[in-house]
Amino acid sequence: MKKIAIAVALVAGLTGVVHAAGDAEAGKTKAASCFACHGADGNSIAPNFPNLAGQSASYLYKQMKDFKAGKRKDPTMDAMILPLDDQAMQDIAAFFATQKVKAGQADAALVDAGEAIYKGGIAEIGVPACMACHGPTGAGNPGSGFPQVASQKATYVENQLKNFRTAAQNEDAMGRHNDANKMMRNAAKRMSDPEIKAVAQYIQGLNP
């Protein structure tokens, strides 16, 4: 039994998966302070704040834990996460996971370019296909720690890809460093701004 527990812990550490076991009903009340940015149903009305609806509870919980630990930084989230204990984070994650994300719409002018990157990557510069981890419809893979991206706000996706790129190009720079095994940093580090914008628009138009 002890060997099994150790094996599970090792797998979780390698993939970045953190299993949440929250109470969605309790989470609805505890998430009230999140609604101003992320919406009462987890669908944000602001382009720079992400939709949380339908995201896996394990992924949401991991992100909150990373903000709490300083592994992921954002001035707004750093302040919001401060008063939350572990159970509150699990409950909030469970609540947003039960909500349904609203379908987004992509910029038609960028869909073809974005689809090519999402489905096929950019082989000549070593950018992998996004769908290899996030799935053809953007539904993600909770068991492997890969988040749902479908219908996510394009501006938010664009910002996060640039944050991963910044961190990849300079490990000491401000950016996003909390991806497992630097997978997102390695994927984004050679992408240009137009390529990032195109794939972000395509993602916004996906429906899980």
# chains A, B, ... in the order shown; residues from 1 in each chain; ligands from 1
>>> closest_atom_pairs(of="range 21-77 of chain A", to="range 168-186 of chain A", cutoff="9 Å", atoms="only C-alpha atoms", output="Markdown table")
| residue | atom | partner | partner_atom | distance |
| --- | --- | --- | --- | --- |
| A:Gln63 | CA | A:Asn178 | CA | 8.4 |
| A:Asp66 | CA | A:Asn178 | CA | 7.2 |
| A:Lys71 | CA | A:Asn178 | CA | 5.9 |
| A:Arg72 | CA | A:Asn178 | CA | 5.9 |
| A:Lys73 | CA | A:Arg176 | CA | 7.5 |
>>> select_by_dssp(residues="range 88-208 of chain A", states="helix (DSSP H, G or I)", output="ChimeraX atom specification")
/A:88-97,111-120,123-125,131-134,142-144,154-169,180-188,193-204
>>> closest_residue(among="A:Leu82, A:Ala32, A:Ile125, A:Thr137", to="Lys189 in chain A", atoms="only C-alpha atoms")
A:Ile125
>>> closest_residue(among="A:Pro147, A:Gly120, A:Pro128, A:Gly104", to="Leu206 in chain A", atoms="only C-alpha atoms")
A:Gly104
>>> atom_distance(atom1="CA of Asp86 in chain A", atom2="CA of Tyr156 in chain A")
25.7 Å
>>> closest_residue(among="A:Ala36, A:Thr29, A:Val199, A:Gln152", to="Lys102 in chain A", atoms="only C-alpha atoms")
A:Gln152
>>> select_by_dssp(residues="range 1-206 of chain A", states="strand (DSSP E or B)", output="CSV table (one decimal) with C-alpha atoms, in the first residue's frame")
chain,number,residue,atom,x,y,z
A,122,ILE,CA,4.8,24.9,-36.3
A,127,VAL,CA,6.2,24.4,-31.7
A,141,ASN,CA,-7.3,16.2,-20.1
A,146,PHE,CA,-4.0,19.6,-19.0
